[in-house]
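The structure file upload20.txt is reproduced below (compact mmCIF, C-alpha atoms).
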# COMPACT_ATOMS: atom_id res chain seq x y z
CA MET A 22 19.17 22.83 -34.61
CA LYS A 23 20.85 25.71 -32.83
CA ILE A 24 24.04 24.45 -31.21
CA ASN A 25 24.07 27.13 -28.49
CA GLU A 26 20.54 26.15 -27.52
CA VAL A 27 21.67 22.55 -27.04
CA ALA A 28 24.46 23.74 -24.76
CA ARG A 29 22.11 25.97 -22.76
CA ASN A 30 19.73 23.07 -22.33
CA VAL A 31 22.55 20.93 -20.91
CA PHE A 32 23.48 23.71 -18.48
CA GLU A 33 19.87 24.07 -17.39
CA ILE A 34 19.30 20.36 -16.83
CA GLU A 35 22.52 19.75 -14.94
CA SER A 36 22.27 22.88 -12.78
CA LYS A 37 18.75 21.87 -11.78
CA GLU A 38 19.96 18.42 -10.77
CA ILE A 39 22.83 19.86 -8.75
CA LEU A 40 20.44 22.11 -6.83
CA GLY A 41 18.32 19.06 -6.11
CA LEU A 42 21.18 17.46 -4.18
CA SER A 43 20.52 19.81 -1.26
CA ASP A 44 17.19 18.10 -0.63
CA LEU A 45 18.86 14.68 -0.63
CA LEU A 46 21.34 15.40 2.15
CA THR A 47 20.81 13.40 5.33
CA GLU A 48 22.57 13.00 8.64
CA ASP A 49 24.80 10.47 6.92
CA PHE A 50 26.70 13.32 5.26
CA GLU A 51 27.55 14.94 8.59
CA SER A 52 28.39 11.57 10.16
CA ALA A 53 30.64 10.64 7.24
CA ILE A 54 32.49 13.96 7.37
CA GLN A 55 33.01 13.56 11.11
CA ALA A 56 34.31 10.02 10.61
CA VAL A 57 36.82 11.16 7.98
CA LEU A 58 37.86 14.05 10.18
CA GLU A 59 38.56 11.76 13.12
CA THR A 60 40.20 8.84 11.30
CA LYS A 61 43.91 8.19 11.58
CA GLY A 62 43.85 6.57 8.16
CA LYS A 63 43.19 7.69 4.61
CA LEU A 64 40.04 8.19 2.57
CA ILE A 65 40.35 5.72 -0.30
CA VAL A 66 38.05 6.19 -3.29
CA SER A 67 36.93 3.45 -5.69
CA GLY A 68 34.54 3.36 -8.64
CA MET A 69 34.10 1.63 -11.98
CA GLY A 70 33.75 3.23 -15.41
CA LYS A 71 32.60 6.84 -15.40
CA SER A 72 32.17 6.68 -11.62
CA GLY A 73 35.82 5.68 -11.42
CA ILE A 74 36.92 8.61 -13.54
CA VAL A 75 35.01 11.01 -11.29
CA GLY A 76 36.27 9.15 -8.22
CA ASN A 77 39.84 9.68 -9.38
CA LYS A 78 39.20 13.42 -9.49
CA ILE A 79 37.57 13.37 -6.05
CA ALA A 80 40.59 11.59 -4.56
CA ALA A 81 42.93 14.12 -6.18
CA THR A 82 40.91 17.03 -4.79
CA LEU A 83 40.90 15.51 -1.32
CA ALA A 84 44.64 14.85 -1.37
CA SER A 85 45.44 18.41 -2.42
CA THR A 86 43.21 19.96 0.23
CA GLY A 87 44.52 18.26 3.32
CA THR A 88 42.78 14.86 3.38
CA PRO A 89 45.16 11.96 2.57
CA SER A 90 43.47 10.09 -0.25
CA PHE A 91 44.07 8.00 -3.35
CA PHE A 92 42.00 6.23 -5.99
CA LEU A 93 41.89 2.45 -6.08
CA HIS A 94 40.57 0.72 -9.19
CA PRO A 95 38.10 -1.98 -8.06
CA GLY A 96 39.33 -4.47 -10.66
CA GLU A 97 42.95 -4.09 -9.59
CA ALA A 98 41.87 -4.16 -5.94
CA TYR A 99 40.30 -7.57 -6.37
CA HIS A 100 43.52 -8.87 -7.94
CA GLY A 101 46.00 -7.90 -5.25
CA ASP A 102 45.68 -4.18 -4.55
CA LEU A 103 43.40 -4.75 -1.54
CA GLY A 104 46.69 -4.83 0.36
CA MET A 105 46.83 -1.05 -0.09
CA ILE A 106 43.86 -0.65 2.24
CA GLU A 107 44.71 -0.50 5.95
CA SER A 108 42.22 -1.15 8.72
CA LEU A 109 42.05 2.52 9.78
CA ASP A 110 41.20 3.72 6.27
CA ILE A 111 37.71 4.82 5.28
CA VAL A 112 36.67 3.67 1.81
CA LEU A 113 34.36 5.66 -0.46
CA LEU A 114 32.61 3.39 -2.99
CA ILE A 115 30.90 5.03 -5.96
CA SER A 116 28.25 3.41 -8.17
CA ASN A 117 25.31 5.28 -9.65
CA SER A 118 23.15 2.16 -9.70
CA GLY A 119 24.50 0.87 -6.43
CA GLU A 120 24.70 -2.58 -8.01
CA THR A 121 28.06 -2.52 -9.80
CA ASP A 122 29.52 -5.99 -9.36
CA GLU A 123 33.19 -4.93 -9.14
CA ILE A 124 32.31 -2.53 -6.31
CA LEU A 125 30.09 -4.91 -4.38
CA LYS A 126 32.85 -7.54 -4.41
CA LEU A 127 34.98 -5.27 -2.22
CA ILE A 128 32.48 -5.09 0.63
CA PRO A 129 33.14 -8.52 2.26
CA PHE A 130 36.86 -7.75 2.55
CA LEU A 131 36.22 -4.26 3.94
CA LYS A 132 33.79 -5.61 6.52
CA SER A 133 36.17 -8.38 7.59
CA GLN A 134 38.99 -5.89 8.01
CA GLY A 135 36.79 -3.49 9.96
CA ASN A 136 36.99 -0.56 7.54
CA ARG A 137 34.31 2.05 7.77
CA THR A 138 32.65 2.57 4.43
CA LEU A 139 30.97 5.48 2.67
CA SER A 140 29.03 5.13 -0.55
CA MET A 141 27.58 7.34 -3.26
CA SER A 142 24.76 6.03 -5.39
CA GLY A 143 21.56 7.16 -7.01
CA ASN A 144 19.53 4.54 -5.14
CA PRO A 145 19.33 4.62 -1.32
CA GLN A 146 17.73 1.15 -1.41
CA SER A 147 20.54 -0.40 -3.44
CA THR A 148 22.77 -3.22 -2.27
CA LEU A 149 25.66 -0.78 -1.97
CA ALA A 150 23.71 1.71 0.11
CA LYS A 151 22.46 -0.98 2.49
CA ASN A 152 25.92 -2.45 3.04
CA THR A 153 27.93 0.67 3.82
CA ASP A 154 28.10 2.71 7.01
CA TYR A 155 27.16 5.99 5.39
CA HIS A 156 25.30 6.61 2.15
CA LEU A 157 25.15 9.80 0.09
CA ASN A 158 22.25 10.01 -2.34
CA ILE A 159 23.30 11.38 -5.73
CA SER A 160 20.17 10.46 -7.68
CA VAL A 161 19.09 12.66 -10.56
CA GLN A 162 15.74 12.92 -12.29
CA LYS A 163 17.14 13.51 -15.76
CA GLU A 164 20.39 13.03 -17.63
CA ALA A 165 21.46 15.78 -20.01
CA CYS A 166 21.96 13.08 -22.63
CA PRO A 167 18.91 13.20 -24.96
CA LEU A 168 18.84 9.38 -25.02
CA GLN A 169 19.00 9.21 -21.21
CA LEU A 170 21.87 6.77 -21.61
CA ALA A 171 25.23 8.54 -21.26
CA PRO A 172 26.09 9.54 -17.67
CA THR A 173 25.96 13.33 -17.68
CA SER A 174 23.88 14.85 -14.90
CA SER A 175 24.68 11.84 -12.72
CA THR A 176 28.46 12.19 -13.07
CA THR A 177 28.18 15.93 -12.44
CA ALA A 178 26.17 15.22 -9.29
CA THR A 179 28.82 12.73 -8.16
CA MET A 180 31.59 15.24 -8.67
CA VAL A 181 29.70 17.98 -6.85
CA MET A 182 29.06 15.68 -3.90
CA GLY A 183 32.79 14.93 -3.84
CA ASP A 184 33.53 18.65 -3.82
CA ALA A 185 31.10 19.08 -0.94
CA ILE A 186 33.04 16.47 1.03
CA ALA A 187 36.40 18.12 0.26
CA VAL A 188 35.24 21.65 1.06
CA SER A 189 33.53 20.57 4.29
CA LEU A 190 36.76 18.94 5.44
CA MET A 191 38.76 22.02 4.44
CA LYS A 192 36.50 24.24 6.54
CA LEU A 193 36.64 21.97 9.57
CA LYS A 194 40.43 21.65 9.34
CA ASP A 195 40.85 25.39 8.76
CA PHE A 196 42.84 24.56 5.63
CA GLN A 197 44.51 27.76 4.39
CA ASP A 198 46.14 28.91 1.17
CA PHE A 199 49.65 28.32 2.54
CA ASN A 200 48.65 24.71 3.30
CA PHE A 201 47.41 24.36 -0.28
CA ALA A 202 50.68 25.77 -1.58
CA LYS A 203 52.69 23.06 0.17
CA PHE A 204 50.95 20.47 -1.99
CA HIS A 205 51.29 22.61 -5.15
CA PRO A 206 54.89 23.91 -5.06
CA GLY A 207 55.09 23.82 -8.85
CA GLY A 208 52.03 26.00 -9.45
CA ASN A 209 51.75 29.77 -9.41
CA LEU A 210 50.04 29.81 -6.03
CA GLY A 211 52.75 27.61 -4.54
CA LYS A 212 55.46 29.88 -5.88
CA LYS A 213 53.80 33.03 -4.60
CA LEU A 214 53.30 31.61 -1.13
CA LEU A 215 56.50 29.61 -0.70
CA VAL A 216 59.05 31.75 -2.55
CA LYS A 217 60.38 34.56 -0.39
CA ILE A 218 61.10 38.11 -1.50
CA LYS A 219 64.79 37.58 -0.69
CA ASP A 220 64.87 34.88 -3.40
CA VAL A 221 63.92 37.21 -6.26
CA MET A 222 64.70 40.76 -5.11
CA LYS A 223 67.17 42.93 -6.98
CA THR A 224 70.27 43.71 -4.92
CA LYS A 225 72.70 45.17 -7.47
CA ASP A 226 72.79 48.57 -9.19
CA LEU A 227 70.06 49.94 -6.91
CA PRO A 228 68.79 53.45 -7.77
CA ILE A 229 70.25 55.13 -4.68
CA CYS A 230 70.21 58.90 -4.17
CA HIS A 231 71.13 61.10 -1.23
CA GLN A 232 69.14 63.98 0.16
CA LYS A 233 71.50 66.66 -1.14
CA ASP A 234 71.87 65.19 -4.64
CA ARG A 235 70.97 67.60 -7.45
CA MET A 236 68.38 66.70 -10.09
CA LYS A 237 71.01 65.76 -12.67
CA ASP A 238 72.38 63.09 -10.34
CA VAL A 239 68.89 61.96 -9.27
CA VAL A 240 67.77 61.48 -12.88
CA HIS A 241 70.99 59.59 -13.62
CA SER A 242 70.44 57.23 -10.64
CA ILE A 243 66.84 56.51 -11.61
CA THR A 244 67.81 55.90 -15.23
CA GLN A 245 70.64 53.58 -14.28
CA GLY A 246 68.40 51.66 -11.90
CA GLY A 247 65.83 51.04 -14.61
CA GLU A 248 62.95 50.71 -12.16
CA GLY A 249 61.33 54.12 -12.44
CA VAL A 250 62.15 55.07 -8.85
CA GLY A 251 65.00 56.45 -6.81
CA ILE A 252 65.64 55.51 -3.17
CA VAL A 253 66.72 58.46 -1.07
CA LEU A 254 69.12 57.81 1.81
CA ASN A 255 70.38 59.90 4.71
CA GLU A 256 73.63 58.11 5.42
CA ASP A 257 72.35 54.48 5.52
CA LYS A 258 68.75 55.25 6.51
CA ILE A 259 65.93 55.21 3.96
CA VAL A 260 64.20 58.58 4.17
CA GLY A 261 62.27 58.84 0.93
CA VAL A 262 61.53 57.70 -2.60
CA ILE A 263 61.37 59.57 -5.90
CA SER A 264 59.23 58.35 -8.77
CA ASP A 265 59.24 59.25 -12.46
CA GLY A 266 56.06 61.20 -11.72
CA ASP A 267 57.85 63.27 -9.08
CA ILE A 268 60.52 64.12 -11.66
CA ARG A 269 57.97 65.15 -14.30
CA ARG A 270 56.02 67.31 -11.88
CA SER A 271 59.16 69.07 -10.69
CA MET A 272 60.11 69.86 -14.30
CA GLU A 273 57.03 72.05 -14.74
CA ASN A 274 59.18 74.92 -13.53
CA GLU A 275 62.24 74.48 -15.75
CA ARG A 276 64.11 77.41 -14.22
CA LEU A 277 64.01 75.90 -10.74
CA PHE A 278 64.38 72.25 -11.70
CA PHE A 279 68.18 72.06 -11.66
CA THR A 280 68.38 74.00 -8.40
CA LEU A 281 66.31 71.36 -6.56
CA THR A 282 67.68 68.47 -4.51
CA ALA A 283 66.38 64.98 -3.90
CA LYS A 284 65.04 66.09 -0.53
CA ASP A 285 62.92 68.78 -2.20
CA ILE A 286 60.84 66.41 -4.32
CA MET A 287 60.98 63.04 -2.54
CA SER A 288 58.02 61.33 -0.93
CA THR A 289 58.75 60.75 2.74
CA ASN A 290 56.55 57.65 2.95
CA PRO A 291 58.45 55.00 0.97
CA LYS A 292 56.73 51.62 0.69
CA THR A 293 58.99 49.03 2.26
CA ILE A 294 58.60 45.30 2.84
CA LEU A 295 60.59 42.81 4.89
CA TYR A 296 62.92 40.54 2.91
CA SER A 297 61.51 37.39 4.55
CA LYS A 298 57.93 37.97 3.38
CA SER A 299 56.38 35.90 0.59
CA LEU A 300 55.69 36.98 -2.97
CA THR A 301 51.99 36.93 -2.09
CA ASP A 302 52.66 39.52 0.64
CA ALA A 303 54.45 41.71 -1.92
CA TYR A 304 51.67 41.22 -4.47
CA ASN A 305 48.99 42.20 -1.96
CA MET A 306 50.91 45.23 -0.74
CA MET A 307 51.49 46.49 -4.28
CA GLY A 308 47.77 46.26 -4.92
CA GLU A 309 46.82 48.02 -1.71
CA GLU A 310 49.39 50.80 -2.12
CA ARG A 311 49.00 51.05 -5.90
CA VAL A 312 52.73 50.91 -6.55
CA ASN A 313 54.83 48.80 -8.91
CA THR A 314 58.01 48.79 -6.83
CA LEU A 315 58.66 48.03 -3.18
CA ILE A 316 61.85 48.71 -1.25
CA VAL A 317 63.07 45.57 0.47
CA VAL A 318 64.47 46.01 3.97
CA GLY A 319 66.10 43.87 6.63
CA GLU A 320 65.07 43.33 10.23
CA SER A 321 66.55 46.67 11.28
CA GLY A 322 65.07 48.60 8.38
CA GLU A 323 68.28 48.63 6.36
CA LEU A 324 68.09 48.72 2.57
CA LEU A 325 68.58 45.31 0.98
CA GLY A 326 67.04 45.64 -2.46
CA THR A 327 63.91 46.20 -4.51
CA ILE A 328 61.12 44.05 -5.91
CA GLN A 329 58.81 44.94 -8.80
CA SER A 330 55.40 43.81 -9.95
CA HIS A 331 56.79 41.58 -12.69
CA ASP A 332 58.74 39.68 -10.02
CA VAL A 333 55.56 38.62 -8.22
CA ASN A 334 53.33 37.99 -11.25
CA ILE A 335 54.63 34.47 -11.80
Let me see whether you can do it: turn the structure in this file into structure tokens.
Amino acid sequence: MKINEVARNVFEIESKEILGLSDLLTEDFESAIQAVLETKGKLIVSGMGKSGIVGNKIAATLASTGTPSFFLHPGEAYHGDLGMIESLDIVLLISNSGETDEILKLIPFLKSQGNRTLSMSGNPQSTLAKNTDYHLNISVQKEACPLQLAPTSSTTATMVMGDAIAVSLMKLKDFQDFNFAKFHPGGNLGKKLLVKIKDVMKTKDLPICHQKDRMKDVVHSITQGGEGVGIVLNEDKIVGVISDGDIRRSMENERLFFTLTAKDIMSTNPKTILYSKSLTDAYNMMGEERVNTLIVVGESGELLGTIQSHDVNI
């Protein structure tokens, strides 16, 4: 037995089943999405066993992408946690067979309370499908399990259908990266989008030069700054920038080098960025301009500090 061949076979089976979901979509999907979009309540997800594990992930994805959601274990629900469901909530019930007893027991309560219900099952004629407002067919022809016993293709199909719900809602709500960051302040994306340049920029010992400074003083300023650049000022106005490369190129003529001034070798198009921008803005600008250092300025263009690539790669 070749282990890699087993893995490839699993990929092939499950990818084929996922593609097959497209043919199973009905108007119920669109109606369910519209109902979730319009509700003033939450989208509560419930499932038993493997369906519950996948349902937990679906609820987490929904919650982090702009749709208030949480997972409710059907067993706990039937022993008191039904009080967590409010009448405006929509409830997503997941059961591959559509006959899971713990899930079916929830339906009478949901109907009596007036909750709209959405189900996922592999059988559109199941008890679950027939007793919910909207049904999403997640049936598969073949499990990746060689015994056709362990949920494999079916749980993948369930998860993919959940992703389809989440992404559809994101699109309709015009959910953007800065919205995502609000729910993920501890992650890298959250930091890049929520942390401002002013929070991490360097403000002390800046590599400042003046137009008439000689090369000895320019080199000293750049060395002291430790950022590989020198910021050239005319009084308090930023007029240029000098890089290590500018220094090396100017040294090609050693006889003239020490007669030059900062003005002679500076670039007159320094890359500046406003202090109130996000780290993502700085990251994007560095990529577009192909620079490792940006000069941070205030509202009036005054020099406030510098920010480097390692400051935004968090």
Report, in Å to a single decimal, how far apart atom CA of Pro291 of chain A and atom CA of Lys225 of chain A are.
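Atom CA of Pro291 of chain A lies 19.3 Å from atom CA of Lys225 of chain A.
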Tell me which protein, DNA and RNA residues are within 7 Å of Gly249 of chain A, counting only C-alpha atoms, leaving out same-chain ones fewer than 6 positions away, and put them as a PyMOL selection string.
chain A and resi 243+264-265
As a PyMOL selection string, please: the residues near Lys194 of chain A (cut-off 10 Å, all atoms listed in the file, same-chain neighbours under 3 positions excluded).
chain A and resi 58+86-88+188-191+197
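One distance worth recording is that between atom CA of Leu300 of chain A and atom CA of Thr224 of chain A, which is 16.2 Å.
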9 Å contact set for Ser116 of chain A, only C-alpha atoms, chain neighbours under 6 positions out, as number ranges by chain
A: 68-69, 72-73, 124, 140-143, 149
Just write the chosen residues, C-alpha atoms, as a PDB file, in the frame of the given file.
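Once written, out_25.pdb looks like this:
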ATOM      1  CA  GLY A  68      34.540   3.360  -8.640  1.00  0.00           C
ATOM      2  CA  MET A  69      34.100   1.630 -11.980  1.00  0.00           C
ATOM      3  CA  SER A  72      32.170   6.680 -11.620  1.00  0.00           C
ATOM      4  CA  GLY A  73      35.820   5.680 -11.420  1.00  0.00           C
ATOM      5  CA  ILE A 124      32.310  -2.530  -6.310  1.00  0.00           C
ATOM      6  CA  SER A 140      29.030   5.130  -0.550  1.00  0.00           C
ATOM      7  CA  MET A 141      27.580   7.340  -3.260  1.00  0.00           C
ATOM      8  CA  SER A 142      24.760   6.030  -5.390  1.00  0.00           C
ATOM      9  CA  GLY A 143      21.560   7.160  -7.010  1.00  0.00           C
ATOM     10  CA  LEU A 149      25.660  -0.780  -1.970  1.00  0.00           C
TER      11      LEU A 149
END
Grab the atom CA of Phe91 of chain A to atom CA of Ile54 of chain A distance for me, in Å with one decimal place.
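Separation of atom CA of Phe91 of chain A and atom CA of Ile54 of chain A: 16.9 Å.
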List the neighbours of segment 310-327 of chain A out to 10 Å using all atoms listed in the file; skip same-chain residues closer than 2 positions along the sequence, and give me the result as an mmCIF file with C-alpha atoms, in the coordinates of the input.
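Contents of part.cif, as written:
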data_model
loop_
_atom_site.group_PDB
_atom_site.id
_atom_site.type_symbol
_atom_site.label_atom_id
_atom_site.label_comp_id
_atom_site.auth_asym_id
_atom_site.auth_seq_id
_atom_site.Cartn_x
_atom_site.Cartn_y
_atom_site.Cartn_z
ATOM 1 C CA ILE A 218 61.100 38.110 -1.500
ATOM 2 C CA LYS A 219 64.790 37.580 -0.690
ATOM 3 C CA VAL A 221 63.920 37.210 -6.260
ATOM 4 C CA MET A 222 64.700 40.760 -5.110
ATOM 5 C CA LYS A 223 67.170 42.930 -6.980
ATOM 6 C CA THR A 224 70.270 43.710 -4.920
ATOM 7 C CA LYS A 225 72.700 45.170 -7.470
ATOM 8 C CA ASP A 226 72.790 48.570 -9.190
ATOM 9 C CA LEU A 227 70.060 49.940 -6.910
ATOM 10 C CA PRO A 228 68.790 53.450 -7.770
ATOM 11 C CA ILE A 229 70.250 55.130 -4.680
ATOM 12 C CA GLU A 248 62.950 50.710 -12.160
ATOM 13 C CA GLY A 249 61.330 54.120 -12.440
ATOM 14 C CA VAL A 250 62.150 55.070 -8.850
ATOM 15 C CA ILE A 252 65.640 55.510 -3.170
ATOM 16 C CA LEU A 254 69.120 57.810 1.810
ATOM 17 C CA ASP A 257 72.350 54.480 5.520
ATOM 18 C CA LYS A 258 68.750 55.250 6.510
ATOM 19 C CA ILE A 259 65.930 55.210 3.960
ATOM 20 C CA VAL A 262 61.530 57.700 -2.600
ATOM 21 C CA SER A 264 59.230 58.350 -8.770
ATOM 22 C CA PRO A 291 58.450 55.000 0.970
ATOM 23 C CA LYS A 292 56.730 51.620 0.690
ATOM 24 C CA THR A 293 58.990 49.030 2.260
ATOM 25 C CA ILE A 294 58.600 45.300 2.840
ATOM 26 C CA LEU A 295 60.590 42.810 4.890
ATOM 27 C CA TYR A 296 62.920 40.540 2.910
ATOM 28 C CA SER A 297 61.510 37.390 4.550
ATOM 29 C CA LYS A 298 57.930 37.970 3.380
ATOM 30 C CA ALA A 303 54.450 41.710 -1.920
ATOM 31 C CA TYR A 304 51.670 41.220 -4.470
ATOM 32 C CA ASN A 305 48.990 42.200 -1.960
ATOM 33 C CA MET A 306 50.910 45.230 -0.740
ATOM 34 C CA MET A 307 51.490 46.490 -4.280
ATOM 35 C CA GLY A 308 47.770 46.260 -4.920
ATOM 36 C CA GLN A 329 58.810 44.940 -8.800
ATOM 37 C CA SER A 330 55.400 43.810 -9.950
ATOM 38 C CA HIS A 331 56.790 41.580 -12.690
ATOM 39 C CA ASP A 332 58.740 39.680 -10.020
#
Can you work out which one of A:Ser175, A:Asn30, A:Gln134, A:Asn25 has the shortest atom-to-atom distance to Ser118 of chain A, counting all atoms listed in the file?
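Using all atoms listed in the file, Ser118 of chain A sits closest to A:Ser175.
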Counting all atoms listed in the file, find the residues whose atoms lie at most 10 Å from (24.7, 5.6, 4.0) (file coordinates) and write them out as a count of residues only.
23
Determine, counting all atoms listed in the file, which protein, DNA and RNA residues have an atom within 12 Å of an atom of Arg269 of chain A; residues of the same chain fewer than 5 positions away are not included. Present the result as a CSV table (one decimal) with C-alpha atoms, in the coordinates of the input.
chain,number,residue,atom,x,y,z
A,236,MET,CA,68.4,66.7,-10.1
A,240,VAL,CA,67.8,61.5,-12.9
A,249,GLY,CA,61.3,54.1,-12.4
A,263,ILE,CA,61.4,59.6,-5.9
A,264,SER,CA,59.2,58.4,-8.8
A,274,ASN,CA,59.2,74.9,-13.5
A,275,GLU,CA,62.2,74.5,-15.8
A,278,PHE,CA,64.4,72.2,-11.7
A,286,ILE,CA,60.8,66.4,-4.3
Residue nearest Glu38 of chain A among A:Thr173, A:Leu93, A:Asn77, A:Arg137 (counting only C-alpha atoms):
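Closest residue, counting only C-alpha atoms: A:Thr173.
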